[in-house]
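For reference, coords-v2.cif is printed below; it contains mmCIF, C-alpha atoms.
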data_final
#
loop_
_atom_site.group_PDB
_atom_site.id
_atom_site.type_symbol
_atom_site.label_atom_id
_atom_site.label_comp_id
_atom_site.auth_asym_id
_atom_site.auth_seq_id
_atom_site.Cartn_x
_atom_site.Cartn_y
_atom_site.Cartn_z
ATOM 1 C CA MET A 25 -64.148 15.094 -4.512
ATOM 2 C CA SER A 26 -65.307 13.873 -1.106
ATOM 3 C CA LYS A 27 -62.811 13.521 1.720
ATOM 4 C CA ILE A 28 -62.622 12.263 5.252
ATOM 5 C CA LYS A 29 -60.736 14.903 7.215
ATOM 6 C CA LEU A 30 -58.855 13.885 10.362
ATOM 7 C CA PRO A 31 -57.788 16.965 12.321
ATOM 8 C CA HIS A 32 -54.743 16.964 14.580
ATOM 9 C CA ALA A 33 -54.926 18.450 18.070
ATOM 10 C CA SER A 34 -52.388 21.126 17.002
ATOM 11 C CA GLY A 35 -54.597 22.353 14.168
ATOM 12 C CA ASN A 36 -53.461 20.717 10.930
ATOM 13 C CA SER A 37 -55.180 17.676 9.446
ATOM 14 C CA MET A 38 -54.816 14.552 7.303
ATOM 15 C CA SER A 39 -57.452 13.707 4.677
ATOM 16 C CA ILE A 40 -58.438 10.517 2.890
ATOM 17 C CA GLY A 41 -60.002 11.309 -0.470
ATOM 18 C CA ALA A 42 -62.262 9.505 -2.929
ATOM 19 C CA PRO A 43 -60.789 8.401 -6.300
ATOM 20 C CA ALA A 44 -59.957 11.145 -8.788
ATOM 21 C CA THR A 45 -62.257 9.488 -11.367
ATOM 22 C CA ASN A 46 -65.713 8.020 -10.861
ATOM 23 C CA PRO A 47 -65.456 4.262 -10.113
ATOM 24 C CA ALA A 48 -67.528 1.805 -12.160
ATOM 25 C CA SER A 49 -69.503 0.824 -9.043
ATOM 26 C CA ASP A 50 -69.590 1.416 -5.290
ATOM 27 C CA LEU A 51 -66.401 0.080 -3.738
ATOM 28 C CA THR A 52 -65.523 -0.850 -0.157
ATOM 29 C CA LEU A 53 -62.133 -1.328 1.479
ATOM 30 C CA THR A 54 -62.399 -3.195 4.784
ATOM 31 C CA LEU A 55 -59.769 -2.551 7.436
ATOM 32 C CA PRO A 56 -58.107 -5.534 9.192
ATOM 33 C CA ALA A 57 -59.234 -6.501 12.692
ATOM 34 C CA THR A 58 -55.697 -6.226 14.151
ATOM 35 C CA ILE A 59 -52.911 -3.639 14.157
ATOM 36 C CA GLY A 60 -50.364 -6.057 12.654
ATOM 37 C CA THR A 61 -46.786 -6.540 13.830
ATOM 38 C CA SER A 62 -43.657 -4.437 13.490
ATOM 39 C CA GLY A 63 -42.440 -4.223 9.880
ATOM 40 C CA GLN A 64 -45.659 -5.463 8.245
ATOM 41 C CA TYR A 65 -47.530 -3.474 5.599
ATOM 42 C CA LEU A 66 -51.114 -3.283 4.311
ATOM 43 C CA THR A 67 -52.044 -5.092 1.133
ATOM 44 C CA VAL A 68 -55.326 -6.280 -0.424
ATOM 45 C CA ASP A 69 -56.691 -9.788 -0.892
ATOM 46 C CA GLY A 70 -58.519 -9.081 -4.173
ATOM 47 C CA SER A 71 -61.913 -8.900 -2.460
ATOM 48 C CA GLY A 72 -61.635 -5.435 -0.930
ATOM 49 C CA ASN A 73 -60.118 -6.591 2.362
ATOM 50 C CA LEU A 74 -56.988 -4.878 3.645
ATOM 51 C CA VAL A 75 -54.659 -7.413 5.281
ATOM 52 C CA TRP A 76 -51.325 -7.199 7.051
ATOM 53 C CA ALA A 77 -48.441 -8.924 5.236
ATOM 54 C CA ASP A 78 -44.731 -9.408 5.725
ATOM 55 C CA PRO A 79 -42.504 -7.468 3.322
ATOM 56 C CA PRO A 80 -41.228 -9.450 0.330
ATOM 57 C CA GLY A 81 -37.797 -11.006 0.525
ATOM 58 C CA ILE A 82 -35.941 -12.859 3.252
ATOM 59 C CA THR A 83 -36.704 -11.536 6.729
ATOM 60 C CA HIS A 84 -35.122 -14.178 9.029
ATOM 61 C CA VAL A 85 -31.720 -15.905 8.851
ATOM 62 C CA ASP A 86 -29.900 -17.633 11.702
ATOM 63 C CA ALA A 87 -26.869 -19.960 11.910
ATOM 64 C CA TRP A 88 -25.585 -22.277 14.658
ATOM 65 C CA ARG A 89 -22.531 -24.526 14.910
ATOM 66 C CA LEU A 90 -21.096 -27.454 16.829
ATOM 67 C CA PRO A 91 -18.443 -25.911 19.121
ATOM 68 C CA ALA A 92 -16.373 -29.076 19.755
ATOM 69 C CA ASN A 93 -15.755 -32.538 18.327
ATOM 70 C CA ILE A 94 -18.110 -35.400 19.186
ATOM 71 C CA ILE A 95 -16.844 -38.992 19.220
ATOM 72 C CA GLY A 96 -19.365 -41.610 18.104
ATOM 73 C CA ALA A 97 -22.926 -41.254 16.937
ATOM 74 C CA ALA A 98 -24.886 -38.172 18.004
ATOM 75 C CA LEU A 99 -28.640 -38.750 17.722
ATOM 76 C CA PRO A 100 -29.377 -35.932 18.170
ATOM 77 C CA ILE A 101 -26.574 -33.388 18.424
ATOM 78 C CA THR A 102 -27.338 -31.431 21.598
ATOM 79 C CA ASN A 103 -24.397 -29.017 21.919
ATOM 80 C CA TRP A 104 -24.917 -25.961 19.706
ATOM 81 C CA GLU A 105 -23.787 -22.336 19.800
ATOM 82 C CA ARG A 106 -24.865 -19.416 17.640
ATOM 83 C CA ILE A 107 -22.142 -18.448 15.167
ATOM 84 C CA ASP A 108 -20.754 -15.193 16.576
ATOM 85 C CA THR A 109 -17.043 -15.030 15.705
ATOM 86 C CA SER A 110 -15.683 -11.862 14.107
ATOM 87 C CA THR A 111 -12.816 -12.438 11.656
ATOM 88 C CA ASN A 112 -10.754 -9.911 9.711
ATOM 89 C CA GLY A 113 -13.318 -7.165 10.188
ATOM 90 C CA PHE A 114 -16.347 -9.314 9.325
ATOM 91 C CA GLY A 115 -18.858 -10.253 12.002
ATOM 92 C CA HIS A 116 -21.546 -12.923 12.143
ATOM 93 C CA GLY A 117 -25.142 -12.154 13.033
ATOM 94 C CA PHE A 118 -28.722 -13.059 12.362
ATOM 95 C CA LEU A 119 -31.591 -11.390 10.555
ATOM 96 C CA GLY A 120 -35.023 -10.953 12.109
ATOM 97 C CA THR A 121 -35.991 -12.996 15.148
ATOM 98 C CA GLY A 122 -33.190 -15.404 16.067
ATOM 99 C CA PHE A 123 -33.694 -18.918 17.347
ATOM 100 C CA ASP A 124 -33.590 -19.568 21.074
ATOM 101 C CA PRO A 125 -30.875 -21.997 22.274
ATOM 102 C CA PRO A 126 -32.145 -25.506 21.536
ATOM 103 C CA SER A 127 -33.561 -27.716 24.280
ATOM 104 C CA SER A 128 -31.993 -31.205 24.171
ATOM 105 C CA GLY A 129 -30.909 -30.459 20.620
ATOM 106 C CA ALA A 130 -34.366 -29.435 19.381
ATOM 107 C CA PHE A 131 -34.807 -26.036 17.712
ATOM 108 C CA ASN A 132 -38.197 -24.309 17.814
ATOM 109 C CA PHE A 133 -38.864 -21.866 14.990
ATOM 110 C CA PRO A 134 -39.257 -18.234 16.116
ATOM 111 C CA VAL A 135 -42.052 -17.434 13.625
ATOM 112 C CA THR A 136 -44.263 -19.347 11.216
ATOM 113 C CA GLY A 137 -43.475 -19.456 7.501
ATOM 114 C CA ILE A 138 -41.787 -21.433 4.760
ATOM 115 C CA TRP A 139 -38.319 -22.242 6.105
ATOM 116 C CA LYS A 140 -35.231 -23.645 4.388
ATOM 117 C CA VAL A 141 -33.167 -25.747 6.793
ATOM 118 C CA GLU A 142 -29.568 -26.647 5.856
ATOM 119 C CA PHE A 143 -27.339 -29.055 7.791
ATOM 120 C CA HIS A 144 -23.615 -29.123 6.960
ATOM 121 C CA ALA A 145 -21.951 -32.025 8.773
ATOM 122 C CA VAL A 146 -18.187 -32.694 8.790
ATOM 123 C CA SER A 147 -16.876 -36.025 10.084
ATOM 124 C CA PHE A 148 -13.542 -37.766 10.663
ATOM 125 C CA THR A 149 -12.339 -41.352 11.050
ATOM 126 C CA ASP A 150 -9.168 -43.366 11.706
ATOM 127 C CA ASP A 151 -10.829 -46.654 10.723
ATOM 128 C CA GLU A 152 -11.842 -48.300 7.481
ATOM 129 C CA GLU A 153 -15.552 -47.504 7.584
ATOM 130 C CA ARG A 154 -17.939 -47.341 4.644
ATOM 131 C CA TYR A 155 -19.865 -44.167 5.337
ATOM 132 C CA PHE A 156 -21.184 -41.579 7.721
ATOM 133 C CA GLN A 157 -24.741 -40.281 7.734
ATOM 134 C CA ALA A 158 -26.197 -36.850 8.539
ATOM 135 C CA SER A 159 -29.933 -36.466 9.103
ATOM 136 C CA ILE A 160 -32.598 -33.856 9.797
ATOM 137 C CA GLY A 161 -35.430 -34.902 12.118
ATOM 138 C CA MET A 162 -38.793 -33.190 12.531
ATOM 139 C CA SER A 163 -41.403 -33.312 15.289
ATOM 140 C CA GLY A 164 -44.936 -31.954 15.080
ATOM 141 C CA ASN A 165 -46.008 -32.797 18.622
ATOM 142 C CA SER A 166 -43.599 -30.867 20.871
ATOM 143 C CA GLY A 167 -40.897 -33.535 20.656
ATOM 144 C CA SER A 168 -43.000 -36.532 21.735
ATOM 145 C CA THR A 169 -42.127 -38.334 18.492
ATOM 146 C CA TRP A 170 -39.501 -37.676 15.846
ATOM 147 C CA GLU A 171 -39.092 -38.687 12.224
ATOM 148 C CA ASP A 172 -35.978 -38.279 10.098
ATOM 149 C CA VAL A 173 -37.069 -36.544 6.903
ATOM 150 C CA ALA A 174 -33.800 -35.866 5.032
ATOM 151 C CA TYR A 175 -30.420 -37.615 4.816
ATOM 152 C CA GLY A 176 -26.935 -36.994 3.501
ATOM 153 C CA TYR A 177 -23.987 -39.397 3.248
ATOM 154 C CA GLY A 178 -20.229 -39.082 3.019
ATOM 155 C CA ASN A 179 -17.565 -41.620 2.083
ATOM 156 C CA HIS A 180 -15.669 -42.729 5.182
ATOM 157 C CA TYR A 181 -12.928 -45.050 3.956
ATOM 158 C CA ASP A 182 -9.540 -44.511 5.601
ATOM 159 C CA GLU A 183 -6.366 -46.205 4.392
ATOM 160 C CA SER A 184 -3.917 -44.411 6.622
ATOM 161 C CA GLY A 185 -4.143 -41.392 8.918
ATOM 162 C CA THR A 186 -7.311 -39.415 9.583
ATOM 163 C CA THR A 187 -9.880 -39.050 6.811
ATOM 164 C CA TYR A 188 -12.454 -36.248 6.686
ATOM 165 C CA SER A 189 -15.760 -36.167 4.870
ATOM 166 C CA GLN A 190 -18.798 -33.912 4.536
ATOM 167 C CA ALA A 191 -22.525 -34.340 4.007
ATOM 168 C CA ILE A 192 -25.015 -31.556 3.245
ATOM 169 C CA VAL A 193 -28.716 -32.050 3.963
ATOM 170 C CA THR A 194 -31.411 -29.538 2.964
ATOM 171 C CA ILE A 195 -35.156 -29.430 3.414
ATOM 172 C CA VAL A 196 -37.900 -26.817 2.977
ATOM 173 C CA VAL A 197 -40.712 -27.009 5.548
ATOM 174 C CA ASP A 198 -44.002 -25.220 6.142
ATOM 175 C CA VAL A 199 -43.998 -24.142 9.792
ATOM 176 C CA THR A 200 -47.526 -23.344 10.985
ATOM 177 C CA ASN A 201 -47.064 -23.771 14.772
ATOM 178 C CA THR A 202 -43.978 -22.481 16.575
ATOM 179 C CA THR A 203 -44.871 -24.323 19.790
ATOM 180 C CA THR A 204 -45.360 -27.874 18.549
ATOM 181 C CA GLN A 205 -43.128 -28.012 15.457
ATOM 182 C CA SER A 206 -39.373 -28.371 15.915
ATOM 183 C CA VAL A 207 -36.264 -29.685 14.176
ATOM 184 C CA ARG A 208 -33.120 -31.506 15.283
ATOM 185 C CA PHE A 209 -29.960 -32.914 13.675
ATOM 186 C CA GLY A 210 -27.937 -36.105 14.009
ATOM 187 C CA THR A 211 -24.889 -37.996 12.741
ATOM 188 C CA GLN A 212 -24.065 -41.698 12.805
ATOM 189 C CA PHE A 213 -21.520 -44.044 11.262
ATOM 190 C CA ASP A 214 -21.074 -47.497 9.775
ATOM 191 C CA ALA A 215 -19.080 -48.279 12.936
ATOM 192 C CA SER A 216 -18.473 -45.460 15.373
ATOM 193 C CA ALA A 217 -15.712 -46.659 17.700
ATOM 194 C CA SER A 218 -13.269 -43.923 16.645
ATOM 195 C CA ASP A 219 -15.423 -41.910 14.239
ATOM 196 C CA GLY A 220 -16.624 -38.442 15.102
ATOM 197 C CA THR A 221 -18.313 -35.206 14.082
ATOM 198 C CA SER A 222 -16.078 -32.142 13.719
ATOM 199 C CA GLY A 223 -16.761 -28.931 15.620
ATOM 200 C CA GLY A 224 -14.989 -25.746 16.655
ATOM 201 C CA THR A 225 -15.889 -22.660 18.643
ATOM 202 C CA ASN A 226 -14.010 -20.230 16.367
ATOM 203 C CA ASP A 227 -14.606 -21.809 12.936
ATOM 204 C CA ASN A 228 -17.536 -23.408 11.155
ATOM 205 C CA TYR A 229 -17.265 -27.142 10.632
ATOM 206 C CA THR A 230 -20.554 -28.821 11.470
ATOM 207 C CA HIS A 231 -23.248 -26.146 11.369
ATOM 208 C CA VAL A 232 -26.890 -25.436 10.528
ATOM 209 C CA LEU A 233 -28.463 -22.539 8.646
ATOM 210 C CA PHE A 234 -32.099 -21.464 8.936
ATOM 211 C CA THR A 235 -33.614 -19.163 6.280
ATOM 212 C CA ARG A 236 -37.236 -18.027 6.226
ATOM 213 C CA LEU A 237 -38.227 -17.804 2.565
ATOM 214 C CA GLY A 238 -41.714 -16.349 3.024
ATOM 215 C CA ALA A 239 -45.057 -16.560 4.747
ATOM 216 C CA THR A 240 -46.879 -19.845 5.192
#
Taking this structure as input, can you express it in the form of C-alpha cells?
Amino acid sequence: MSKIKLPHASGNSMSIGAPATNPASDLTLTLPATIGTSGQYLTVDGSGNLVWADPPGITHVDAWRLPANIIGAALPITNWERIDTSTNGFGHGFLGTGFDPPSSGAFNFPVTGIWKVEFHAVSFTDDEERYFQASIGMSGNSGSTWEDVAYGYGNHYDESGTTYSQAIVTIVVDVTNTTTQSVRFGTQFDASASDGTSGGTNDNYTHVLFTRLGAT
C-alpha cells in the first residue's frame, strides 16, 4: 500500500496511506485554498473537494436586556446591556462570538449564518389603551433604511392601577454580510402618554436573544 511519509525534524514521521482496498477508479481529494478558522473541521462536498465547515449544533448564543424603564414609544430602543447578572450560583454568558454593543440601537451580527432572533417585550400602562406593539426591524444597507419585518401585540386595557402585558416576536434570518445587515427593536402604544416598556439591570423584563442555528 502506497504512502506519503512526512518526517518530523526529531526523527519520527506521519504517513498518509492509500485505501486498504483497490478503488473502482482513480480518485482525487482536493485540499481547500484556506486554513479555515478556529473550531472548523474538514468535510467533503461530494465532488472530491475538502472544505472547511462549522461543527454541527448551535455555536453562537447571546442575550441583551433593557436596563431601565422607558416612558412612551421607543422606535428604536437604544439602551441595551448584555445580560450578566449572577443569581443563586448561576451566571449568564454567551456562546461563541458575542455581539458588540449596539450603535443607536442597531445590532450587527458577529458572523454570517442562519440566525433566530427573539424579542421579549414587557410593557405597562395606567391608562385605558387598546394595545402595545413590539417590532423587529431589519436593514440591509448599513442602517440607511429600515423595514419592520415581525410584530407582536399585547392587550393594554387598564381599569384601575397599573397593568402589565407582554409580546414575543421571533424571526429567522439568513445573514450573509455582517457589515451591512443589522437588526433593531422597537415598542409603541395606542396612546403613549403614560405607557412604557419595562426594564431592569438585575432582572430580565424586556430582552432579546440571538441564536445562530447554522451556516448560511
- Item | Selection near A:Gly167, 12 Å with all atoms listed in the file, sequence-local residues under 3 positions removed, as an MDAnalysis selection string | chainID A and resid 126:132 161:164 170:171 203:208
- Task: Extract, using all atoms listed in the file, all DNA, RNA and protein residues at most 10 Å from A:Pro79, discarding same-chain residues fewer than 6 positions from it, and format them as a list of chain:residue names.
- Result: A:Gly63, A:Gln64, A:Tyr65, A:Leu66, A:Gly238, A:Ala239
- Message: Restricting the calculation to all atoms listed in the file: of A:Gly185, A:Thr52, A:Val85, A:Leu90, which residue gets closest to A:Val68?
- Response: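 When distances to A:Val68 are compared using all atoms listed in the file, the smallest one comes from A:Thr52.
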- Item | Residue contacts of stretch 35-40 of chain A (12 Å, only C-alpha atoms) excluding same-chain residues fewer than 5 positions away, as a PyMOL selection string | chain A and resi 25-30
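Note that atom CA of A:Ala77 and atom CA of A:Asp50 are 25.8 Å apart.
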Selected by the PyMOL selection byres ((chain A and resi 96) around 6) in the shown coordinates: which residues, as an mmCIF file with C-alpha atoms, keeping the file's coordinate frame?
data_model
loop_
_atom_site.group_PDB
_atom_site.id
_atom_site.type_symbol
_atom_site.label_atom_id
_atom_site.label_comp_id
_atom_site.auth_asym_id
_atom_site.auth_seq_id
_atom_site.Cartn_x
_atom_site.Cartn_y
_atom_site.Cartn_z
ATOM 1 C CA ILE A 95 -16.844 -38.992 19.220
ATOM 2 C CA ALA A 97 -22.926 -41.254 16.937
ATOM 3 C CA SER A 216 -18.473 -45.460 15.373
ATOM 4 C CA ASP A 219 -15.423 -41.910 14.239
ATOM 5 C CA GLY A 220 -16.624 -38.442 15.102
#
- atom CA of A:Ser166 and atom CA of A:Val199 are how many Å apart? 13.0 Å
- Query: Residues at most 12 Å from A:Thr67, counting only C-alpha atoms, excluding those fewer than 2 positions away in the same chain, as a list of chain:residue names?
  - Reply: A:Leu53, A:Thr54, A:Leu55, A:Pro56, A:Gly60, A:Gln64, A:Tyr65, A:Asp69, A:Gly70, A:Ser71, A:Gly72, A:Asn73, A:Leu74, A:Val75, A:Trp76, A:Ala77, A:Asp78, A:Pro79, A:Pro80
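With distances restricted to only C-alpha atoms, A:Asp86 is the closest residue to A:Glu142 from A:Glu105, A:Asp86, A:Asp198, A:Asp227.
Atom pair atom CA of A:Phe118 / atom CA of A:His84: separated by 7.3 Å.
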Might I get the box with edges along x, y and z of the file that holds all atoms of stretch 46-52 of chain A listed there, padded by 3 Å on every side, given as centre and edge lengths in Å to one decimal, as lines of an AutoDock Vina configuration file?
center_x = -67.5
center_y = 3.6
center_z = -6.2
size_x = 10.1
size_y = 14.9
size_z = 18.0
- Task: Tell me which protein, DNA and RNA residues are within 7 Å of A:Pro91, counting only C-alpha atoms, leaving out same-chain ones fewer than 6 positions away, and put them as a PyMOL selection string.
- Result: chain A and resi 104-105+223-225
- Message: Residue by residue, what does the PyMOL selection byres ((chain A and resi 237) around 7) grab here? Present the result as a ChimeraX atom specification.
- Response: /A:82,138-140,235-236,238
Please report, as a tab-separated table, each residue of stretch 208-228 of chain A lying at most 10 Å from stretch 175-184 of chain A, together with the nearest pair of atoms and the separation in Å rounded to one decimal; use all atoms listed in the file, and order rows by chain and ascending residue number.
residue	atom	partner	partner_atom	distance
A:Gly210	CA	A:Tyr175	CA	9.6
A:Thr211	CA	A:Gly176	CA	9.5
A:Gln212	CA	A:Tyr177	CA	9.8
A:Phe213	CA	A:His180	CA	8.5
A:Asp214	CA	A:His180	CA	8.5
A:Asp219	CA	A:His180	CA	9.1
- Message: Given the PyMOL selection byres ((chain A and resi 173) around 6) and the file above, list the residues it selects as a ChimeraX atom specification.
- Response: /A:160-161,172,174
- Query: Which residue, A:Thr221, A:Thr187, A:Thr102, A:Thr136, has the smallest gap to A:Gln157 when you use all atoms listed in the file?
  - Reply: A:Thr221
- For A:Gly120, the nearest of the candidates A:Ser62, A:Trp88, A:Tyr155, A:Pro31, counting all atoms listed in the file: A:Ser62
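Closest approach to A:Thr109 from the set A:Ser168, A:Thr149, A:Arg89, A:Ala42 is made by A:Arg89, with distances taken over only C-alpha atoms.
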- Message: Taking only C-alpha atoms into account, name the residue in A:Ala158, A:Ala33, A:Leu51, A:Val196 that is nearest to A:Gly137.
- Response: A:Val196
